[in-house]
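Have a look at structure-v7.cif below; it lists mmCIF, C-alpha atoms, pLDDT in the B column; chains and numbers go by the auth columns.
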data_run
#
loop_
_atom_site.group_PDB
_atom_site.id
_atom_site.type_symbol
_atom_site.label_atom_id
_atom_site.label_comp_id
_atom_site.label_asym_id
_atom_site.label_seq_id
_atom_site.Cartn_x
_atom_site.Cartn_y
_atom_site.Cartn_z
_atom_site.B_iso_or_equiv
_atom_site.auth_seq_id
_atom_site.auth_asym_id
ATOM 1 C CA MET A 1 -10.766 16.612 -34.854 34.00 1 A
ATOM 2 C CA GLN A 2 -13.442 17.588 -37.379 36.00 2 A
ATOM 3 C CA SER A 3 -15.994 20.249 -36.550 38.00 3 A
ATOM 4 C CA LYS A 4 -19.350 18.664 -35.887 41.00 4 A
ATOM 5 C CA MET A 5 -21.075 21.708 -37.327 45.00 5 A
ATOM 6 C CA LYS A 6 -19.381 20.988 -40.662 49.00 6 A
ATOM 7 C CA LEU A 7 -20.984 18.066 -42.465 49.00 7 A
ATOM 8 C CA THR A 8 -17.899 16.245 -43.701 52.00 8 A
ATOM 9 C CA SER A 9 -14.104 16.498 -43.794 56.00 9 A
ATOM 10 C CA ILE A 10 -13.972 15.392 -47.457 63.00 10 A
ATOM 11 C CA ASP A 11 -13.571 18.235 -49.983 69.00 11 A
ATOM 12 C CA LEU A 12 -15.618 17.149 -52.989 77.00 12 A
ATOM 13 C CA ILE A 13 -14.604 20.256 -54.961 82.00 13 A
ATOM 14 C CA LYS A 14 -11.025 19.005 -55.170 81.00 14 A
ATOM 15 C CA ILE A 15 -12.301 15.603 -56.224 80.00 15 A
ATOM 16 C CA ILE A 16 -14.641 16.640 -59.036 82.00 16 A
ATOM 17 C CA GLU A 17 -12.290 19.380 -60.329 85.00 17 A
ATOM 18 C CA SER A 18 -9.472 16.866 -60.667 84.00 18 A
ATOM 19 C CA PRO A 19 -8.510 16.344 -64.362 86.00 19 A
ATOM 20 C CA LYS A 20 -9.256 12.633 -64.086 82.00 20 A
ATOM 21 C CA ASN A 21 -12.850 13.421 -63.076 81.00 21 A
ATOM 22 C CA ARG A 22 -13.632 15.797 -65.957 84.00 22 A
ATOM 23 C CA GLU A 23 -16.589 13.647 -67.021 83.00 23 A
ATOM 24 C CA ILE A 24 -18.120 13.961 -63.539 84.00 24 A
ATOM 25 C CA LEU A 25 -17.694 17.742 -63.501 86.00 25 A
ATOM 26 C CA GLN A 26 -19.446 18.031 -66.886 88.00 26 A
ATOM 27 C CA ALA A 27 -22.632 16.678 -65.296 87.00 27 A
ATOM 28 C CA PHE A 28 -22.753 19.726 -62.985 90.00 28 A
ATOM 29 C CA HIS A 29 -23.454 23.348 -63.833 92.00 29 A
ATOM 30 C CA SER A 30 -22.159 26.300 -61.844 94.00 30 A
ATOM 31 C CA ARG A 31 -24.554 28.696 -60.110 95.00 31 A
ATOM 32 C CA SER A 32 -23.898 31.741 -57.946 97.00 32 A
ATOM 33 C CA PHE A 33 -26.054 32.845 -55.007 96.00 33 A
ATOM 34 C CA LEU A 34 -26.439 35.861 -52.739 95.00 34 A
ATOM 35 C CA LYS A 35 -26.369 36.188 -48.959 89.00 35 A
ATOM 36 C CA GLY A 36 -29.792 35.341 -47.518 88.00 36 A
ATOM 37 C CA GLU A 37 -30.930 33.416 -50.595 93.00 37 A
ATOM 38 C CA VAL A 38 -32.826 30.168 -49.975 92.00 38 A
ATOM 39 C CA LEU A 39 -30.936 27.358 -51.723 92.00 39 A
ATOM 40 C CA ALA A 40 -33.355 24.575 -50.745 89.00 40 A
ATOM 41 C CA SER A 41 -36.671 24.461 -48.919 88.00 41 A
ATOM 42 C CA PRO A 42 -39.256 21.856 -47.877 84.00 42 A
ATOM 43 C CA GLY A 43 -41.682 21.135 -50.697 76.00 43 A
ATOM 44 C CA GLY A 44 -39.421 22.732 -53.301 77.00 44 A
ATOM 45 C CA LYS A 45 -39.952 21.573 -56.865 79.00 45 A
ATOM 46 C CA GLU A 46 -36.250 21.211 -57.668 79.00 46 A
ATOM 47 C CA ASN A 47 -34.653 17.832 -57.065 85.00 47 A
ATOM 48 C CA HIS A 48 -30.940 18.562 -57.285 88.00 48 A
ATOM 49 C CA VAL A 49 -27.702 17.693 -55.575 86.00 49 A
ATOM 50 C CA PHE A 50 -25.289 20.552 -55.089 89.00 50 A
ATOM 51 C CA ILE A 51 -21.720 20.967 -53.864 89.00 51 A
ATOM 52 C CA LEU A 52 -20.764 24.293 -52.318 91.00 52 A
ATOM 53 C CA ARG A 53 -17.838 25.851 -54.201 92.00 53 A
ATOM 54 C CA SER A 54 -17.528 29.077 -52.207 92.00 54 A
ATOM 55 C CA GLY A 55 -19.408 30.822 -49.397 91.00 55 A
ATOM 56 C CA ARG A 56 -21.296 29.181 -46.556 86.00 56 A
ATOM 57 C CA ALA A 57 -24.919 28.245 -45.899 88.00 57 A
ATOM 58 C CA ARG A 58 -26.902 27.101 -42.890 83.00 58 A
ATOM 59 C CA ILE A 59 -29.289 24.155 -42.744 82.00 59 A
ATOM 60 C CA TYR A 60 -32.203 24.367 -40.338 80.00 60 A
ATOM 61 C CA LEU A 61 -35.666 23.077 -39.532 76.00 61 A
ATOM 62 C CA SER A 62 -38.315 25.704 -38.849 74.00 62 A
ATOM 63 C CA SER A 63 -41.668 25.879 -37.111 66.00 63 A
ATOM 64 C CA PRO A 64 -43.978 28.825 -36.432 65.00 64 A
ATOM 65 C CA SER A 65 -42.275 29.379 -33.063 60.00 65 A
ATOM 66 C CA ARG A 66 -38.555 28.741 -33.691 64.00 66 A
ATOM 67 C CA GLU A 67 -35.747 27.528 -35.907 67.00 67 A
ATOM 68 C CA PHE A 68 -33.595 24.494 -35.144 68.00 68 A
ATOM 69 C CA MET A 69 -30.116 24.777 -36.665 68.00 69 A
ATOM 70 C CA LEU A 70 -28.750 21.491 -37.995 71.00 70 A
ATOM 71 C CA SER A 71 -25.450 22.385 -39.593 74.00 71 A
ATOM 72 C CA ILE A 72 -23.386 24.756 -41.712 78.00 72 A
ATOM 73 C CA LEU A 73 -22.324 23.993 -45.262 82.00 73 A
ATOM 74 C CA SER A 74 -18.773 25.029 -46.132 82.00 74 A
ATOM 75 C CA PRO A 75 -16.951 24.830 -49.489 86.00 75 A
ATOM 76 C CA GLY A 76 -16.654 21.170 -50.510 82.00 76 A
ATOM 77 C CA ASP A 77 -19.804 20.057 -48.678 83.00 77 A
ATOM 78 C CA ILE A 78 -22.649 18.346 -50.545 82.00 78 A
ATOM 79 C CA TYR A 79 -26.401 18.681 -50.028 84.00 79 A
ATOM 80 C CA SER A 80 -29.691 17.723 -51.676 81.00 80 A
ATOM 81 C CA THR A 81 -32.555 20.148 -52.292 82.00 81 A
ATOM 82 C CA HIS A 82 -35.207 17.503 -51.643 76.00 82 A
ATOM 83 C CA THR A 83 -35.338 17.390 -47.818 77.00 83 A
ATOM 84 C CA ARG A 84 -37.512 18.647 -44.951 79.00 84 A
ATOM 85 C CA ALA A 85 -34.889 21.233 -44.002 82.00 85 A
ATOM 86 C CA THR A 86 -34.246 24.721 -45.336 87.00 86 A
ATOM 87 C CA CYS A 87 -30.832 25.746 -46.641 89.00 87 A
ATOM 88 C CA ARG A 88 -30.112 29.505 -46.680 89.00 88 A
ATOM 89 C CA ALA A 89 -26.904 31.270 -47.737 91.00 89 A
ATOM 90 C CA LEU A 90 -24.924 32.970 -44.983 85.00 90 A
ATOM 91 C CA GLU A 91 -22.853 34.888 -47.542 88.00 91 A
ATOM 92 C CA ASP A 92 -22.436 35.332 -51.300 93.00 92 A
ATOM 93 C CA GLY A 93 -21.008 32.282 -53.021 95.00 93 A
ATOM 94 C CA SER A 94 -21.299 29.681 -55.751 96.00 94 A
ATOM 95 C CA MET A 95 -22.051 25.991 -56.110 95.00 95 A
ATOM 96 C CA TYR A 96 -22.015 23.093 -58.541 93.00 96 A
ATOM 97 C CA VAL A 97 -25.526 21.758 -59.220 93.00 97 A
ATOM 98 C CA CYS A 98 -26.569 18.417 -60.715 90.00 98 A
ATOM 99 C CA PRO A 99 -30.068 16.887 -61.153 89.00 99 A
ATOM 100 C CA VAL A 100 -30.514 13.830 -58.949 85.00 100 A
ATOM 101 C CA ARG A 101 -31.198 11.587 -61.958 85.00 101 A
ATOM 102 C CA ASP A 102 -27.829 12.550 -63.494 87.00 102 A
ATOM 103 C CA PHE A 103 -26.100 12.197 -60.143 83.00 103 A
ATOM 104 C CA LYS A 104 -27.386 8.623 -59.853 81.00 104 A
ATOM 105 C CA LYS A 105 -25.973 7.880 -63.308 83.00 105 A
ATOM 106 C CA ILE A 106 -22.566 9.261 -62.289 79.00 106 A
ATOM 107 C CA ALA A 107 -22.568 7.121 -59.146 75.00 107 A
ATOM 108 C CA ALA A 108 -23.374 4.025 -61.197 77.00 108 A
ATOM 109 C CA GLU A 109 -20.628 4.641 -63.773 77.00 109 A
ATOM 110 C CA HIS A 110 -17.800 5.800 -61.490 73.00 110 A
ATOM 111 C CA SER A 111 -17.108 3.329 -58.696 68.00 111 A
ATOM 112 C CA GLU A 112 -14.310 5.436 -57.136 66.00 112 A
ATOM 113 C CA PHE A 113 -16.647 8.425 -56.839 69.00 113 A
ATOM 114 C CA THR A 114 -19.348 6.143 -55.411 68.00 114 A
ATOM 115 C CA MET A 115 -17.007 4.920 -52.665 66.00 115 A
ATOM 116 C CA THR A 116 -16.144 8.526 -51.811 66.00 116 A
ATOM 117 C CA MET A 117 -19.842 9.305 -51.513 64.00 117 A
ATOM 118 C CA VAL A 118 -20.350 6.310 -49.197 62.00 118 A
ATOM 119 C CA THR A 119 -17.655 7.776 -46.938 62.00 119 A
ATOM 120 C CA VAL A 120 -19.312 11.204 -47.096 58.00 120 A
ATOM 121 C CA LEU A 121 -22.705 9.750 -46.176 57.00 121 A
ATOM 122 C CA GLY A 122 -21.118 7.907 -43.257 56.00 122 A
ATOM 123 C CA GLU A 123 -19.667 11.176 -41.969 56.00 123 A
ATOM 124 C CA LEU A 124 -23.024 12.884 -42.459 55.00 124 A
ATOM 125 C CA LEU A 125 -24.714 10.273 -40.288 55.00 125 A
ATOM 126 C CA SER A 126 -21.988 10.513 -37.650 54.00 126 A
ATOM 127 C CA GLY A 127 -22.247 14.287 -37.662 54.00 127 A
ATOM 128 C CA SER A 128 -26.031 14.133 -37.306 56.00 128 A
ATOM 129 C CA PHE A 129 -25.770 11.998 -34.174 51.00 129 A
ATOM 130 C CA ALA A 130 -23.141 14.400 -32.785 55.00 130 A
ATOM 131 C CA ILE A 131 -25.460 17.372 -33.371 56.00 131 A
ATOM 132 C CA ILE A 132 -28.361 15.565 -31.679 54.00 132 A
ATOM 133 C CA ASP A 133 -26.109 14.708 -28.756 53.00 133 A
ATOM 134 C CA GLY A 134 -25.012 18.326 -28.484 52.00 134 A
ATOM 135 C CA PHE A 135 -28.555 19.669 -28.338 52.00 135 A
ATOM 136 C CA ALA A 136 -30.035 16.924 -26.180 48.00 136 A
ATOM 137 C CA PHE A 137 -27.349 16.331 -23.581 44.00 137 A
ATOM 138 C CA ARG A 138 -25.233 19.482 -23.301 54.00 138 A
ATOM 139 C CA ASP A 139 -26.311 22.749 -21.756 77.00 139 A
ATOM 140 C CA THR A 140 -26.029 26.018 -23.647 83.00 140 A
ATOM 141 C CA GLU A 141 -22.663 27.023 -22.162 86.00 141 A
ATOM 142 C CA LEU A 142 -21.098 23.713 -23.172 85.00 142 A
ATOM 143 C CA ARG A 143 -22.592 23.910 -26.678 84.00 143 A
ATOM 144 C CA LEU A 144 -21.213 27.409 -27.156 89.00 144 A
ATOM 145 C CA THR A 145 -17.785 26.397 -25.858 90.00 145 A
ATOM 146 C CA LEU A 146 -17.791 23.340 -28.111 85.00 146 A
ATOM 147 C CA PHE A 147 -18.795 25.494 -31.083 87.00 147 A
ATOM 148 C CA PHE A 148 -15.840 27.854 -30.613 91.00 148 A
ATOM 149 C CA TYR A 149 -13.415 24.997 -29.969 88.00 149 A
ATOM 150 C CA GLU A 150 -14.401 23.142 -33.137 82.00 150 A
ATOM 151 C CA GLU A 151 -14.527 26.288 -35.288 85.00 151 A
ATOM 152 C CA ALA A 152 -11.026 27.157 -34.068 88.00 152 A
ATOM 153 C CA LEU A 153 -9.808 23.681 -35.007 82.00 153 A
ATOM 154 C CA LEU A 154 -11.505 23.824 -38.397 76.00 154 A
ATOM 155 C CA SER A 155 -10.657 27.326 -39.608 80.00 155 A
ATOM 156 C CA GLY A 156 -8.432 28.935 -36.972 88.00 156 A
ATOM 157 C CA VAL A 157 -4.795 29.917 -37.532 90.00 157 A
ATOM 158 C CA ASP A 158 -1.921 29.509 -35.055 91.00 158 A
ATOM 159 C CA MET A 159 -0.768 32.981 -33.990 88.00 159 A
ATOM 160 C CA ASP A 160 0.913 34.635 -30.975 84.00 160 A
ATOM 161 C CA ASP A 161 1.179 31.347 -29.038 88.00 161 A
ATOM 162 C CA GLY A 162 -2.549 30.788 -29.442 92.00 162 A
ATOM 163 C CA ARG A 163 -5.134 30.424 -32.180 94.00 163 A
ATOM 164 C CA HIS A 164 -6.780 33.223 -34.155 95.00 164 A
ATOM 165 C CA LEU A 165 -10.335 32.710 -35.421 93.00 165 A
ATOM 166 C CA GLU A 166 -12.419 34.831 -37.784 92.00 166 A
ATOM 167 C CA LEU A 167 -16.168 34.192 -38.044 89.00 167 A
ATOM 168 C CA THR A 168 -18.608 35.635 -40.576 83.00 168 A
ATOM 169 C CA LEU A 169 -21.488 34.695 -38.267 85.00 169 A
ATOM 170 C CA THR A 170 -23.407 37.221 -36.191 87.00 170 A
ATOM 171 C CA VAL A 171 -24.240 36.617 -32.531 90.00 171 A
ATOM 172 C CA GLU A 172 -27.811 35.921 -33.654 88.00 172 A
ATOM 173 C CA GLN A 173 -26.599 33.212 -36.058 85.00 173 A
ATOM 174 C CA ILE A 174 -24.345 31.668 -33.411 88.00 174 A
ATOM 175 C CA ALA A 175 -27.346 31.626 -31.076 87.00 175 A
ATOM 176 C CA GLN A 176 -29.350 29.762 -33.711 79.00 176 A
ATOM 177 C CA ILE A 177 -26.548 27.219 -34.104 79.00 177 A
ATOM 178 C CA VAL A 178 -26.336 26.427 -30.380 81.00 178 A
ATOM 179 C CA GLY A 179 -30.103 26.603 -29.864 76.00 179 A
ATOM 180 C CA ALA A 180 -30.272 29.571 -27.499 82.00 180 A
ATOM 181 C CA SER A 181 -31.431 33.178 -27.399 86.00 181 A
ATOM 182 C CA ARG A 182 -29.200 35.993 -28.609 89.00 182 A
ATOM 183 C CA GLN A 183 -29.232 37.540 -25.142 91.00 183 A
ATOM 184 C CA MET A 184 -28.076 34.310 -23.491 90.00 184 A
ATOM 185 C CA VAL A 185 -25.249 33.827 -25.991 92.00 185 A
ATOM 186 C CA SER A 186 -24.122 37.436 -25.510 92.00 186 A
ATOM 187 C CA THR A 187 -24.046 36.904 -21.734 92.00 187 A
ATOM 188 C CA LEU A 188 -22.112 33.637 -22.054 93.00 188 A
ATOM 189 C CA LEU A 189 -19.638 35.210 -24.482 94.00 189 A
ATOM 190 C CA ASN A 190 -18.974 38.025 -22.016 94.00 190 A
ATOM 191 C CA ASN A 191 -18.331 35.423 -19.320 93.00 191 A
ATOM 192 C CA MET A 192 -15.875 33.640 -21.631 94.00 192 A
ATOM 193 C CA TYR A 193 -14.079 36.938 -22.296 95.00 193 A
ATOM 194 C CA LYS A 194 -13.832 37.680 -18.548 94.00 194 A
ATOM 195 C CA SER A 195 -12.508 34.194 -17.788 94.00 195 A
ATOM 196 C CA GLY A 196 -9.867 34.469 -20.505 94.00 196 A
ATOM 197 C CA LEU A 197 -11.078 31.461 -22.478 94.00 197 A
ATOM 198 C CA ILE A 198 -11.552 33.680 -25.535 96.00 198 A
ATOM 199 C CA GLU A 199 -10.397 37.182 -26.396 95.00 199 A
ATOM 200 C CA ARG A 200 -12.388 39.403 -28.751 93.00 200 A
ATOM 201 C CA ARG A 201 -10.145 41.306 -31.149 92.00 201 A
ATOM 202 C CA GLY A 202 -12.633 43.107 -33.337 90.00 202 A
ATOM 203 C CA ARG A 203 -15.830 42.361 -35.242 89.00 203 A
ATOM 204 C CA GLY A 204 -15.915 38.620 -35.880 89.00 204 A
ATOM 205 C CA LYS A 205 -12.294 38.228 -34.744 93.00 205 A
ATOM 206 C CA PHE A 206 -11.364 36.063 -31.756 95.00 206 A
ATOM 207 C CA PHE A 207 -8.203 34.766 -30.117 96.00 207 A
ATOM 208 C CA ILE A 208 -7.970 31.554 -28.105 95.00 208 A
ATOM 209 C CA PRO A 209 -4.858 31.744 -25.889 95.00 209 A
ATOM 210 C CA ASP A 210 -5.057 28.119 -24.702 94.00 210 A
ATOM 211 C CA MET A 211 -6.786 25.509 -26.881 91.00 211 A
ATOM 212 C CA ASP A 212 -6.278 22.795 -24.250 91.00 212 A
ATOM 213 C CA ARG A 213 -8.118 24.899 -21.685 92.00 213 A
ATOM 214 C CA LEU A 214 -10.957 25.546 -24.140 91.00 214 A
ATOM 215 C CA GLN A 215 -11.089 21.822 -24.948 88.00 215 A
ATOM 216 C CA ALA A 216 -11.348 20.986 -21.245 90.00 216 A
ATOM 217 C CA ALA A 217 -14.092 23.605 -20.795 88.00 217 A
ATOM 218 C CA ALA A 218 -16.020 21.880 -23.601 82.00 218 A
ATOM 219 C CA GLN A 219 -15.650 18.646 -21.595 76.00 219 A
ATOM 220 C CA LEU A 220 -13.782 16.896 -24.379 63.00 220 A
ATOM 221 C CA PRO A 221 -10.998 14.409 -23.571 55.00 221 A
ATOM 222 C CA LEU A 222 -7.505 15.917 -23.830 53.00 222 A
#

Show the structure stored in the file as structure tokens.
Amino acid sequence: MQSKMKLTSIDLIKIIESPKNREILQAFHSRSFLKGEVLASPGGKENHVFILRSGRARIYLSSPSREFMLSILSPGDIYSTHTRATCRALEDGSMYVCPVRDFKKIAAEHSEFTMTMVTVLGELLSGSFAIIDGFAFRDTELRLTLFFYEEALLSGVDMDDGRHLELTLTVEQIAQIVGASRQMVSTLLNNMYKSGLIERRGRGKFFIPDMDRLQAAAQLPL
């Protein structure tokens, strides 16, 4: 099962770095970024498409009173700078960047790449509805449980008859993702530790002893 916080399961880095797609890669230029750097913002003058090569970034809508987290970009994910959302780096990394006009030309000349992009856009739409469902119809405890379950599926490693998960996110960032206060998320995490759903094994390190139990707690079908 794909994490709904990740935009798509397709790794575009592998696709464009393939020798047969050398012409596509030449249309992009590589750019590095630093943790906390804004990669795209509403009203920005740049009109580019970029594919994350390394590092992670968060996408969110903001108002004077709060931020509304939409998703997290991981390596291989694609995004456009010309949207109403802000994209900010969660850690140092790099990306491939291409002007939209050149990207349109690539799509027109390479039908196989175009079909891949259609699939990506379909997953983006599906993921968007899943995110809306999560915020609108699930309470905070369920959203937090679902977040840990899907992160464990996406980037966890089987270990000691369970699953080990390392997160670079702070409690504050997790709170932004699930749409809750830092204090509430801290309280819920402590409850999850006490119940044995999750074990904390250091800064950003977690162990899930029973993925089926965590899946059931997230109210997902087994």

Q | Close residues, segment 36-39 of chain A itself excluded, 6 Å, all atoms listed in the file, min 3 positions apart in chain, as a ChimeraX atom specification | A | /A:87-90

Q. Which of these, A:Ile13, A:Ala108, A:Cys98, A:Val49, has the shortest distance to Tyr79 of chain A once you count only C-alpha atoms?
A. A:Val49

(Q) Rounded to one decimal, what separation in Å do you get between atom CA of Pro209 of chain A and atom CA of Val185 of chain A? (A) 20.5 Å

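Shortest atom-to-atom contact with Glu46 of chain A among A:Gly162, A:Pro99, A:Gly156, A:Gly202: A:Pro99, counting only C-alpha atoms.
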
To box segment 145-151 of chain A, take all atoms listed in the file, fit an axis-aligned box, add 5 Å on each side, and give centre and edge lengths in Å to one decimal, as AutoDock Vina command-line options.
--center_x -16.1 --center_y 25.5 --center_z -30.6 --size_x 15.4 --size_y 14.7 --size_z 19.4

Q: Let me know the residues the PyMOL selection byres ((chain A and resi 54-59) around 6) catches in the file above, as a PyMOL selection string.
A: chain A and resi 52-53+60+70-75+86-94

Q | Atomic distance atom CA of Glu151 of chain A - atom CA of Asp139 of chain A, expressed in Å with one decimal | A | 18.3 Å

Given the point (-19.5, 12.6, -61.7) in the coordinates of this file, which residues lie within 8 Å, counting only C-alpha atoms, and how would they look as a compact mmCIF listing (two decimals) with C-alpha atoms, in the frame of the given file?
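Listing of part.txt after writing:
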# COMPACT_ATOMS: atom_id res chain seq x y z
CA ILE A 16 -14.64 16.64 -59.04
CA ASN A 21 -12.85 13.42 -63.08
CA ARG A 22 -13.63 15.80 -65.96
CA GLU A 23 -16.59 13.65 -67.02
CA ILE A 24 -18.12 13.96 -63.54
CA LEU A 25 -17.69 17.74 -63.50
CA GLN A 26 -19.45 18.03 -66.89
CA ALA A 27 -22.63 16.68 -65.30
CA PHE A 28 -22.75 19.73 -62.98
CA PHE A 103 -26.10 12.20 -60.14
CA ILE A 106 -22.57 9.26 -62.29
CA ALA A 107 -22.57 7.12 -59.15
CA HIS A 110 -17.80 5.80 -61.49
CA PHE A 113 -16.65 8.43 -56.84

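For the residues A:Lys105, A:Arg200, A:Arg163, A:Arg143, ranking by smallest atom-to-atom distance to Gln219 of chain A using only C-alpha atoms places A:Arg143 first.
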
Q.
Neighbouring residues of Ile51 of chain A were defined as those with any atom within 8 Å, considering only C-alpha atoms; residues of the same chain fewer than 3 positions away were excluded. Please report them as a PyMOL selection string.
A. chain A and resi 12-13+75-79+95-97

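Minimum atom-to-atom distances from A:Asp212, A:Asp102, A:Glu141, A:Asp158 to Met184 of chain A were compared using all atoms listed in the file, and the lowest value belongs to A:Glu141.
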